[in-house]
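S.K.: coords-v2.tsv (TSV, C-alpha atoms) pasted underneath:
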chain	number	residue	atom	x	y	z
A	1	MET	CA	9.60	-9.43	-0.69
A	2	HIS	CA	13.25	-9.82	0.09
A	3	GLN	CA	14.47	-9.05	3.54
A	4	ASP	CA	16.79	-6.08	3.10
A	5	LYS	CA	15.75	-2.85	1.44
A	6	ASN	CA	19.35	-1.98	0.68
A	7	ILE	CA	19.66	-4.91	-1.70
A	8	TRP	CA	17.62	-3.10	-4.31
A	9	ARG	CA	19.82	0.00	-4.01
A	10	ASP	CA	17.59	2.94	-4.98
A	11	THR	CA	14.29	1.07	-4.90
A	12	PRO	CA	11.56	0.87	-2.26
A	13	ASN	CA	11.48	-1.93	0.30
A	14	PHE	CA	9.57	-4.79	-1.33
A	15	GLY	CA	9.36	-7.18	1.52
A	16	ASN	CA	10.84	-6.73	4.97
A	17	SER	CA	8.39	-8.88	6.88
A	18	ASN	CA	8.64	-6.49	9.82
A	19	ASN	CA	6.89	-3.88	7.69
A	20	TYR	CA	3.80	-5.97	6.97
A	21	ASN	CA	0.73	-4.45	8.56
A	22	ASN	CA	-2.76	-5.85	8.68
A	23	ASN	CA	-3.16	-5.13	4.97
A	24	ASP	CA	-0.10	-7.28	4.21
A	25	LYS	CA	1.67	-4.41	2.50
A	26	GLY	CA	5.02	-5.03	0.92
A	27	SER	CA	4.06	-8.20	-0.93
A	28	HIS	CA	4.40	-9.12	-4.58
A	29	THR	CA	7.29	-9.52	-6.92
A	30	PRO	CA	9.07	-6.43	-8.24
A	31	PRO	CA	9.74	-7.80	-11.72
A	32	SER	CA	11.41	-4.64	-12.95
A	33	PHE	CA	14.62	-5.92	-11.44
A	34	SER	CA	15.76	-8.96	-13.35
A	35	PRO	CA	18.75	-11.14	-12.70
A	36	SER	CA	22.12	-11.05	-14.38
A	37	PRO	CA	23.60	-14.29	-15.71
A	38	LYS	CA	26.39	-15.57	-13.52
A	39	ASN	CA	29.84	-15.46	-15.06
A	40	ASN	CA	28.64	-13.48	-18.05
A	41	SER	CA	30.19	-10.06	-17.68
A	42	ASN	CA	30.04	-9.46	-21.44
A	43	ASN	CA	26.31	-8.87	-21.12
A	44	ARG	CA	26.47	-6.04	-18.63
A	45	ASN	CA	25.36	-3.43	-21.16
A	46	TYR	CA	22.51	-5.42	-22.60
A	47	ASN	CA	19.91	-2.78	-21.77
A	48	ASN	CA	21.51	-0.38	-24.24
A	49	ASN	CA	22.75	-2.75	-26.91
A	50	ASN	CA	20.30	-5.62	-27.16
A	51	ASN	CA	16.90	-4.15	-26.51
A	52	ASN	CA	15.43	-4.34	-30.00
A	53	ASN	CA	12.95	-1.61	-29.02
A	54	ASN	CA	12.26	-3.31	-25.68
A	55	ASN	CA	12.08	-0.45	-23.19
A	56	SER	CA	12.07	-2.67	-20.10
A	57	THR	CA	12.99	-1.02	-16.81
A	58	THR	CA	15.13	-4.02	-15.89
A	59	ARG	CA	18.19	-3.44	-13.74
A	60	TRP	CA	20.84	-5.71	-12.38
A	61	THR	CA	19.97	-7.83	-9.37
A	62	PRO	CA	23.00	-8.22	-7.10
A	63	ARG	CA	23.67	-11.45	-5.27
A	64	TYR	CA	23.94	-11.28	-1.51
A	65	PRO	CA	24.72	-13.45	1.52
A	66	THR	CA	22.26	-16.08	2.64
A	67	THR	CA	22.03	-19.36	4.43
A	68	LEU	CA	19.69	-22.10	3.24
A	69	PRO	CA	17.70	-24.70	5.16
A	70	THR	CA	18.74	-28.32	4.88
A	71	LYS	CA	16.64	-30.76	2.88
A	72	GLU	CA	15.85	-32.47	6.19
A	73	GLN	CA	14.30	-29.26	7.54
A	74	LEU	CA	11.99	-29.16	4.53
A	75	SER	CA	11.14	-32.87	4.49
A	76	ILE	CA	8.10	-32.66	6.75
A	77	SER	CA	5.67	-34.36	4.37
A	78	GLU	CA	5.88	-37.07	1.75
A	79	VAL	CA	2.93	-35.83	-0.31
A	80	PRO	CA	4.05	-34.72	-3.81
A	81	TYR	CA	3.62	-31.02	-4.52
A	82	VAL	CA	3.88	-28.35	-7.21
A	83	ASP	CA	5.10	-24.81	-6.58
A	84	SER	CA	2.38	-23.00	-8.53
A	85	HIS	CA	4.21	-19.65	-8.81
A	86	THR	CA	7.95	-19.09	-8.60
A	87	HIS	CA	10.81	-17.23	-10.27
A	88	LEU	CA	13.63	-19.78	-10.12
A	89	HIS	CA	15.71	-17.86	-12.66
A	90	TYR	CA	15.94	-15.11	-10.03
A	91	VAL	CA	16.85	-17.71	-7.39
A	92	LEU	CA	19.79	-19.03	-9.39
A	93	ASP	CA	21.03	-15.52	-9.90
A	94	LYS	CA	20.77	-14.48	-6.26
A	95	LEU	CA	22.42	-17.51	-4.66
A	96	PRO	CA	26.08	-16.92	-3.78
A	97	ASP	CA	28.70	-18.98	-5.59
A	98	LYS	CA	29.47	-20.93	-2.41
A	99	PHE	CA	26.33	-23.03	-3.00
A	100	ASN	CA	27.60	-24.04	-6.45
A	101	VAL	CA	24.06	-23.96	-7.84
A	102	THR	CA	24.73	-23.63	-11.55
A	103	SER	CA	21.54	-25.18	-12.91
A	104	TYR	CA	17.93	-25.81	-12.02
A	105	GLU	CA	18.67	-29.51	-11.75
A	106	ILE	CA	21.39	-28.91	-9.14
A	107	LEU	CA	19.07	-26.61	-7.19
A	108	LYS	CA	16.46	-29.36	-7.07
A	109	GLN	CA	18.92	-32.11	-6.25
A	110	ASP	CA	20.75	-30.29	-3.47
A	111	HIS	CA	18.02	-28.19	-1.86
A	112	PHE	CA	14.48	-29.45	-2.56
A	113	PRO	CA	12.83	-32.24	-0.56
A	114	SER	CA	12.15	-35.47	-2.39
A	115	ASN	CA	8.39	-34.82	-2.66
A	116	PHE	CA	8.93	-31.77	-4.90
A	117	GLU	CA	7.32	-32.67	-8.22
A	118	SER	CA	7.36	-29.59	-10.46
A	119	CYS	CA	6.98	-25.83	-10.59
A	120	ILE	CA	5.52	-23.05	-12.72
A	121	ASN	CA	8.29	-20.56	-13.43
A	122	VAL	CA	6.86	-17.10	-14.09
A	123	LEU	CA	8.41	-14.67	-16.59
A	124	CYS	CA	6.90	-11.22	-16.06
A	125	ASP	CA	9.62	-8.75	-17.08
A	126	PRO	CA	9.48	-8.08	-20.84
A	127	LEU	CA	13.24	-8.46	-21.11
A	128	SER	CA	12.87	-12.13	-20.25
A	129	PHE	CA	10.63	-12.64	-23.28
A	130	ASN	CA	13.62	-12.54	-25.63
A	131	SER	CA	16.12	-13.95	-23.16
A	132	ASN	CA	16.90	-16.64	-25.72
A	133	GLU	CA	18.55	-13.89	-27.81
A	134	ILE	CA	20.12	-11.85	-25.00
A	135	PHE	CA	21.35	-14.70	-22.79
A	136	PRO	CA	21.41	-17.77	-25.03
A	137	ASP	CA	22.22	-21.10	-23.37
A	138	THR	CA	22.18	-19.63	-19.84
A	139	HIS	CA	19.69	-20.24	-17.04
A	140	LEU	CA	17.91	-17.04	-18.16
A	141	ASP	CA	17.18	-18.40	-21.63
A	142	TRP	CA	13.49	-19.37	-21.70
A	143	LYS	CA	14.20	-21.97	-24.36
A	144	LYS	CA	16.51	-23.68	-21.89
A	145	MET	CA	13.87	-23.46	-19.16
A	146	VAL	CA	11.32	-25.44	-21.17
A	147	ASP	CA	13.88	-28.25	-21.45
A	148	VAL	CA	14.00	-28.63	-17.67
A	149	PRO	CA	11.85	-31.73	-16.96
A	150	PHE	CA	10.17	-30.36	-13.84
A	151	MET	CA	9.60	-26.80	-15.06
A	152	TYR	CA	6.56	-25.24	-16.73
A	153	LEU	CA	6.26	-21.58	-17.67
A	154	ALA	CA	3.79	-18.73	-17.34
A	155	VAL	CA	4.44	-15.46	-19.15
A	156	GLY	CA	2.86	-12.02	-19.03
A	157	VAL	CA	3.69	-8.34	-18.54
A	158	HIS	CA	3.57	-7.37	-14.87
A	159	PRO	CA	1.69	-4.13	-14.03
A	160	HIS	CA	4.97	-2.45	-13.07
A	161	ASN	CA	6.07	-2.88	-16.68
A	162	ALA	CA	2.75	-1.94	-18.29
A	163	LYS	CA	4.20	1.37	-19.49
A	164	ASP	CA	6.66	-0.60	-21.66
A	165	TYR	CA	4.01	-2.71	-23.41
A	166	ASN	CA	4.17	-2.57	-27.21
A	167	ASP	CA	3.74	-4.81	-30.25
A	168	TYR	CA	7.32	-6.08	-30.08
A	169	ILE	CA	6.91	-7.19	-26.46
A	170	GLU	CA	3.52	-8.72	-27.18
A	171	ASN	CA	4.89	-10.73	-30.10
A	172	ASN	CA	7.74	-12.08	-27.98
A	173	MET	CA	5.25	-12.99	-25.26
A	174	ILE	CA	3.03	-14.82	-27.75
A	175	GLN	CA	6.00	-16.81	-29.02
A	176	ILE	CA	6.46	-18.24	-25.52
A	177	LEU	CA	2.73	-18.72	-24.94
A	178	LYS	CA	2.55	-20.97	-27.99
A	179	HIS	CA	5.08	-23.39	-26.51
A	180	PRO	CA	3.31	-26.45	-25.03
A	181	LYS	CA	5.14	-26.07	-21.69
A	182	CYS	CA	3.85	-22.52	-21.24
A	183	ILE	CA	0.60	-23.19	-19.44
A	184	ALA	CA	-0.69	-19.75	-18.38
A	185	LEU	CA	-0.64	-16.04	-19.15
A	186	GLY	CA	0.60	-13.98	-16.22
A	187	GLU	CA	1.35	-12.58	-13.88
A	188	ILE	CA	-0.69	-9.62	-15.06
A	189	GLY	CA	-2.91	-7.21	-13.20
A	190	LEU	CA	-3.01	-3.98	-11.24
A	191	ASP	CA	-0.62	-2.68	-8.58
A	192	TYR	CA	-1.66	0.63	-7.04
A	193	HIS	CA	0.82	0.58	-4.17
A	194	TYR	CA	3.85	1.93	-6.05
A	195	ASN	CA	2.16	3.03	-9.28
A	196	ILE	CA	5.35	2.35	-11.22
A	197	SER	CA	3.17	2.41	-14.34
A	198	PRO	CA	0.24	4.88	-14.58
A	199	ARG	CA	-3.03	3.35	-13.44
A	200	ASP	CA	-4.84	3.90	-16.73
A	201	THR	CA	-1.97	2.23	-18.57
A	202	GLN	CA	-2.07	-0.71	-16.17
A	203	LYS	CA	-5.78	-1.15	-16.83
A	204	ASP	CA	-5.40	-0.93	-20.61
A	205	VAL	CA	-2.56	-3.46	-20.67
A	206	LEU	CA	-4.41	-5.82	-18.35
A	207	VAL	CA	-7.41	-5.85	-20.68
A	208	LYS	CA	-5.19	-6.43	-23.73
A	209	GLN	CA	-3.53	-9.42	-22.09
A	210	ILE	CA	-6.81	-10.88	-20.86
A	211	GLU	CA	-8.08	-10.74	-24.43
A	212	LYS	CA	-4.90	-12.47	-25.62
A	213	ALA	CA	-5.29	-15.20	-22.99
A	214	ILE	CA	-8.84	-15.87	-24.12
A	215	GLU	CA	-7.75	-15.96	-27.76
A	216	LEU	CA	-4.98	-18.48	-26.93
A	217	GLU	CA	-7.13	-20.39	-24.39
A	218	LYS	CA	-4.66	-19.88	-21.53
A	219	PRO	CA	-5.49	-19.67	-17.81
A	220	LEU	CA	-4.83	-16.32	-16.13
A	221	VAL	CA	-2.41	-15.49	-13.33
A	222	ILE	CA	-3.56	-12.26	-11.70
A	223	HIS	CA	-1.55	-9.83	-9.57
A	224	THR	CA	-3.76	-7.41	-7.63
A	225	ARG	CA	-2.61	-5.04	-4.93
A	226	GLU	CA	-4.61	-2.19	-3.42
A	227	ALA	CA	-6.74	-2.21	-6.57
A	228	GLU	CA	-9.78	-4.25	-5.56
A	229	GLU	CA	-12.47	-2.18	-7.29
A	230	ASP	CA	-10.69	-1.87	-10.64
A	231	THR	CA	-9.53	-5.49	-10.58
A	232	TRP	CA	-13.11	-6.61	-9.92
A	233	ASP	CA	-14.53	-4.42	-12.69
A	234	ILE	CA	-12.03	-5.66	-15.27
A	235	LEU	CA	-12.21	-9.35	-14.36
A	236	THR	CA	-16.01	-9.42	-14.30
A	237	GLY	CA	-16.21	-7.26	-17.42
A	238	PHE	CA	-13.72	-9.10	-19.65
A	239	VAL	CA	-13.14	-12.63	-18.32
A	240	PRO	CA	-15.66	-15.40	-18.99
A	241	LYS	CA	-17.18	-16.56	-15.73
A	242	GLU	CA	-15.94	-20.16	-16.15
A	243	TRP	CA	-12.34	-19.15	-16.95
A	244	LYS	CA	-9.51	-20.55	-14.86
A	245	ILE	CA	-7.90	-17.81	-12.75
A	246	HIS	CA	-5.07	-17.96	-10.23
A	247	VAL	CA	-5.04	-14.85	-8.02
A	248	HIS	CA	-1.38	-14.92	-7.11
A	249	CYS	CA	-0.01	-14.08	-3.64
A	250	PHE	CA	-3.34	-12.92	-2.24
A	251	THR	CA	-2.97	-10.14	0.34
A	252	ASP	CA	-6.16	-8.15	-0.16
A	253	SER	CA	-9.28	-8.15	2.01
A	254	PRO	CA	-11.26	-11.24	2.99
A	255	GLN	CA	-14.35	-9.57	1.51
A	256	PHE	CA	-12.65	-9.30	-1.88
A	257	ALA	CA	-11.56	-12.94	-1.75
A	258	LYS	CA	-15.12	-14.00	-1.01
A	259	LYS	CA	-16.53	-11.94	-3.91
A	260	LEU	CA	-14.04	-13.44	-6.35
A	261	LEU	CA	-14.59	-17.02	-5.19
A	262	ASN	CA	-18.36	-16.67	-5.35
A	263	TYR	CA	-18.40	-15.16	-8.84
A	264	PHE	CA	-15.73	-17.26	-10.60
A	265	PRO	CA	-16.21	-21.00	-9.93
A	266	ASN	CA	-12.75	-21.86	-11.33
A	267	LEU	CA	-10.80	-19.16	-9.51
A	268	TYR	CA	-8.08	-20.15	-7.03
A	269	ILE	CA	-6.39	-18.11	-4.30
A	270	GLY	CA	-2.59	-18.35	-4.18
A	271	ILE	CA	-0.99	-18.46	-0.72
A	272	THR	CA	2.72	-17.70	-0.24
A	273	GLY	CA	5.08	-17.49	2.72
A	274	VAL	CA	3.33	-14.23	3.65
A	275	VAL	CA	0.86	-16.42	5.56
A	276	THR	CA	3.66	-17.25	8.01
A	277	PHE	CA	4.31	-13.60	8.91
A	278	GLY	CA	2.89	-12.60	12.27
A	279	SER	CA	1.53	-9.33	10.90
A	280	ALA	CA	-0.18	-10.84	7.81
A	281	LYS	CA	-3.63	-10.95	9.38
A	282	ASN	CA	-5.56	-10.52	6.13
A	283	THR	CA	-3.92	-13.48	4.45
A	284	GLN	CA	-4.33	-15.64	7.55
A	285	ASN	CA	-8.00	-14.72	7.86
A	286	VAL	CA	-8.59	-15.40	4.17
A	287	ILE	CA	-7.14	-18.91	4.19
A	288	ARG	CA	-8.64	-19.83	7.57
A	289	ASP	CA	-12.15	-18.48	7.14
A	290	ILE	CA	-12.88	-17.74	3.47
A	291	VAL	CA	-11.10	-20.05	1.05
A	292	PRO	CA	-12.53	-23.59	0.74
A	293	LEU	CA	-10.12	-26.53	0.67
A	294	ASN	CA	-10.71	-26.98	-3.05
A	295	ARG	CA	-9.91	-23.37	-4.01
A	296	PHE	CA	-6.35	-22.58	-2.85
A	297	LEU	CA	-2.89	-23.03	-4.36
A	298	LEU	CA	0.52	-23.21	-2.72
A	299	GLU	CA	3.22	-20.92	-4.11
A	300	THR	CA	6.56	-19.57	-2.96
A	301	ASP	CA	6.91	-16.51	-5.23
A	302	ALA	CA	10.61	-17.31	-4.82
A	303	PRO	CA	13.09	-15.78	-4.31
A	304	TYR	CA	10.79	-13.63	-2.15
A	305	MET	CA	8.52	-14.43	0.83
A	306	ILE	CA	10.81	-16.60	2.98
A	307	PRO	CA	8.71	-18.55	5.53
A	308	ALA	CA	9.14	-16.83	8.88
A	309	LYS	CA	10.19	-19.86	10.91
A	310	LEU	CA	13.45	-20.14	8.94
A	311	ASN	CA	14.66	-16.85	10.38
A	312	ARG	CA	13.19	-17.01	13.86
A	313	ASN	CA	15.78	-16.18	16.54
A	314	LYS	CA	18.59	-15.93	14.00
A	315	ARG	CA	21.33	-13.34	13.83
A	316	SER	CA	21.33	-11.17	10.72
A	317	ASP	CA	24.41	-12.91	9.31
A	318	SER	CA	22.75	-16.33	9.48
A	319	LYS	CA	19.36	-15.47	7.99
A	320	VAL	CA	17.80	-17.07	4.93
A	321	THR	CA	17.37	-14.26	2.39
A	322	VAL	CA	16.54	-16.30	-0.71
A	323	CYS	CA	13.38	-18.39	-0.94
A	324	HIS	CA	13.08	-21.39	-3.27
A	325	SER	CA	10.51	-24.02	-4.28
A	326	GLY	CA	11.69	-26.46	-1.64
A	327	MET	CA	10.01	-24.32	1.03
A	328	ILE	CA	6.40	-25.06	0.00
A	329	PRO	CA	5.89	-27.57	2.87
A	330	LEU	CA	6.54	-24.79	5.42
A	331	ILE	CA	3.75	-22.70	3.87
A	332	ALA	CA	1.41	-25.68	3.96
A	333	GLU	CA	2.38	-26.30	7.58
A	334	ARG	CA	1.18	-22.83	8.59
A	335	ILE	CA	-2.07	-23.25	6.66
A	336	ALA	CA	-2.63	-26.56	8.45
A	337	GLN	CA	-2.15	-24.81	11.79
A	338	LEU	CA	-4.61	-22.06	10.88
A	339	LYS	CA	-7.23	-24.54	9.71
A	340	GLY	CA	-6.67	-27.05	12.51
A	341	MET	CA	-5.84	-29.82	10.05
A	342	GLU	CA	-3.04	-32.28	9.37
A	343	LEU	CA	-0.23	-31.12	7.09
A	344	ASP	CA	-0.69	-33.99	4.63
A	345	GLU	CA	-4.37	-33.10	4.21
A	346	ILE	CA	-3.40	-29.59	3.12
A	347	MET	CA	-0.70	-30.92	0.80
A	348	ASN	CA	-3.13	-33.36	-0.83
A	349	HIS	CA	-5.77	-30.70	-1.40
A	350	ALA	CA	-3.20	-28.31	-2.85
A	351	ARG	CA	-1.91	-30.97	-5.24
A	352	GLU	CA	-5.40	-31.72	-6.52
A	353	ASN	CA	-6.20	-28.02	-6.85
A	354	THR	CA	-3.07	-27.44	-8.94
A	355	ARG	CA	-4.09	-30.30	-11.20
A	356	ASN	CA	-7.55	-28.79	-11.62
A	357	MET	CA	-6.21	-25.29	-12.27
A	358	TYR	CA	-3.30	-26.03	-14.58
A	359	GLY	CA	-3.75	-29.62	-15.74
A	360	ILE	CA	-0.38	-30.71	-14.31
Rewrite the coordinates I just gave you, this time as structure tokens.

M.R.:
Amino acid sequence: MHQDKNIWRDTPNFGNSNNYNNNDKGSHTPPSFSPSPKNNSNNRNYNNNNNNNNNSTTRWTPRYPTTLPTKEQLSISEVPYVDSHTHLHYVLDKLPDKFNVTSYEILKQDHFPSNFESCINVLCDPLSFNSNEIFPDTHLDWKKMVDVPFMYLAVGVHPHNAKDYNDYIENNMIQILKHPKCIALGEIGLDYHYNISPRDTQKDVLVKQIEKAIELEKPLVIHTREAEEDTWDILTGFVPKEWKIHVHCFTDSPQFAKKLLNYFPNLYIGITGVVTFGSAKNTQNVIRDIVPLNRFLLETDAPYMIPAKLNRNKRSDSKVTVCHSGMIPLIAERIAQLKGMELDEIMNHARENTRNMYGI
């Protein structure tokens, strides 16, 4: 996901684009590593003191050097758009102080093109579910997020954190899901690449959350990685066929995409900056040959998945290492190239698809 494996200290490399092979390995958010609130050193021991039985594996996310594209570089279309899956709370935390981005509003004003309309900010680490108690009145406080005019929320326990799932975490999650600006349950699913949580636990927790989504009438945001058979069995076994499903950051096989699209008429395939990576053949084949124009969504998965063109022919000290929602047009541009279409056509289809999926 990010560009430098050393950033996560003792963790695996979640996203050096040079390591993507034809199976698009290395994709998907590692939510076990949540941000720390800027200028809030008093909270450094929150994992021990403020957990309230929340056994999240969250660690501190250090900030690190980056450049950012200008708004002009991102202003390649005038069609309004929604970033359908992002983690802007991570973005604020990762950006160095030199950018003076101290709020979501400043991030939008200074760095997003004018056709940015809104985003769905995804909370998938259990610690973020009671961020209003741990980090009140900071950018990590979910109750502050819902006050941001252009921000909607999705919430769910990521498969990496499935081993931490308990009644306390579920109750905190439900509290957020009941807010009118929380419009989906996710990202949830199966991740068999790192197996940070045992596979059986991942499956059990996925089913529990699917059942909760159906009870609360919330669309699903699904994370699936190297788990096609089990994901298929659970979705077809527990999700009503007409349910709205967003398969986030799709990097699995074209055959799997086709099966899902054919079975679930209201399922959408999420495409991130991975599609711009030269080695991401699966994702490119899926969007070019498999996914109809009315069944895809644009997403950044920020702060991960930086579109490749932003770092082409750049020295390491001038690279963009933090993605944000302003970069959606660059993802759409690559899709347009793959499909042999005009950029604005792709942007218009994506906007309508987001409206159909999420009602926004």

S.K.: Near Pro80 (chain A), within 9 Å and counting all atoms listed in the file, which residues show up once chain neighbours fewer than 4 positions away are dropped, as a list in words?

M.R.: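 The neighbour list is Ser114, Asn115, Phe116, Glu117, Met347, Asn348 and Arg351 of chain A.
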
S.K.: Between CA of Glu299 (chain A) and CA of Phe112 (chain A), what is the distance in Å, rounded to a tenth?

M.R.: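 About the pair CA of Glu299 (chain A) and CA of Phe112 (chain A): they are 14.2 Å apart.
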
S.K.: Tell me which protein, DNA and RNA residues are within 10 Å of Ala257 (chain A), counting only C-alpha atoms, leaving out same-chain ones fewer than 5 positions away, and put them as a list in words.

M.R.: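 Final neighbour list, sorted by chain and number: Glu228, Val247, Phe250, Thr251, Asp252, Asn262, Leu267, Tyr268, Ile269, Thr283, Val286, Ile287, Ile290 and Val291 of chain A.
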
S.K.: Please determine, counting only C-alpha atoms, which residue among A:Glu215, A:Glu229, A:Asp93, A:Asp125 has the shortest atom-to-atom distance to Leu177 (chain A).

M.R.: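 Result for the nearest residue to Leu177 (chain A): A:Glu215.
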
S.K.: When you count all atoms listed in the file, which of these residues is closest to His139 (chain A): A:Ala154, A:Ile120, A:Val101, A:Val239?

M.R.: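 Closest to His139 (chain A) of all the choices is A:Val101.
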
S.K.: List as a PyMOL selection string the protein and nucleic acid residues near Gly359 (chain A), meaning an atom at most 12 Å away when all atoms listed in the file are counted, but skip any in the same chain fewer than 2 places from it.

M.R.: chain A and resi 82+84+120+152+181-184+218-219+244+351-357

S.K.: At what distance in Å, to one decimal, does CA of Arg288 (chain A) lie from CA of Gly340 (chain A)?

M.R.: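 Between CA of Gly340 (chain A) and CA of Arg288 (chain A) the gap is 9.0 Å.
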
S.K.: Return the single residue from A:Arg312, A:Lys259, A:His158, A:Lys94 that is closest to Gln202 (chain A), with distances computed using only C-alpha atoms.

M.R.: A:His158

S.K.: List the neighbours of Leu88 (chain A) out to 8 Å using only C-alpha atoms; skip same-chain residues closer than 2 positions along the sequence, and give me the result as a PyMOL selection string.

M.R.: chain A and resi 86+90-92+104+121+302-303+324-325

S.K.: Enter the distance from CA of Met151 (chain A) to CA of Cys323 (chain A), in Å, rounded to one decimal.

M.R.: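 CA of Cys323 (chain A) lies 16.9 Å from CA of Met151 (chain A).
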
S.K.: Counting only C-alpha atoms, figure out which residue out of A:Asn294, A:Asn130, A:Thr236, A:Asn282 gets nearest to Asn172 (chain A).

M.R.: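 Residue with the minimum atom-to-atom distance to Asn172 (chain A): A:Asn130.
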
S.K.: Compare A:Ser75, A:Ile306, A:Phe99, A:Ile335 by their minimum atom-to-atom distance to Thr321 (chain A), counting all atoms listed in the file, and give me the closest one.

M.R.: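 Closest residue, counting all atoms listed in the file: A:Ile306.
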
S.K.: With only C-alpha atoms as the counted atoms, please give the residues lying no more than 7 Å from Asp301 (chain A), apart from itself and same-chain residues fewer than 6 positions off, as a list in words.

M.R.: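 Non-adjacent residues within range: His85, Thr86, His87 and Thr272 of chain A.
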
S.K.: Using only C-alpha atoms, please write the residues we just selected to a file, as a compact mmCIF listing (two decimals), in the coordinates of the input.

M.R.:
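Produced file selection.txt, reproduced below:
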# COMPACT_ATOMS: atom_id res chain seq x y z
CA HIS A 85 4.21 -19.65 -8.81
CA THR A 86 7.95 -19.09 -8.60
CA HIS A 87 10.81 -17.23 -10.27
CA THR A 272 2.72 -17.70 -0.24

S.K.: With distances taken over all atoms listed in the file, which residue among A:Lys339, A:Lys309, A:His111, A:Lys241 lies nearest Asn285 (chain A)?

M.R.: A:Lys339
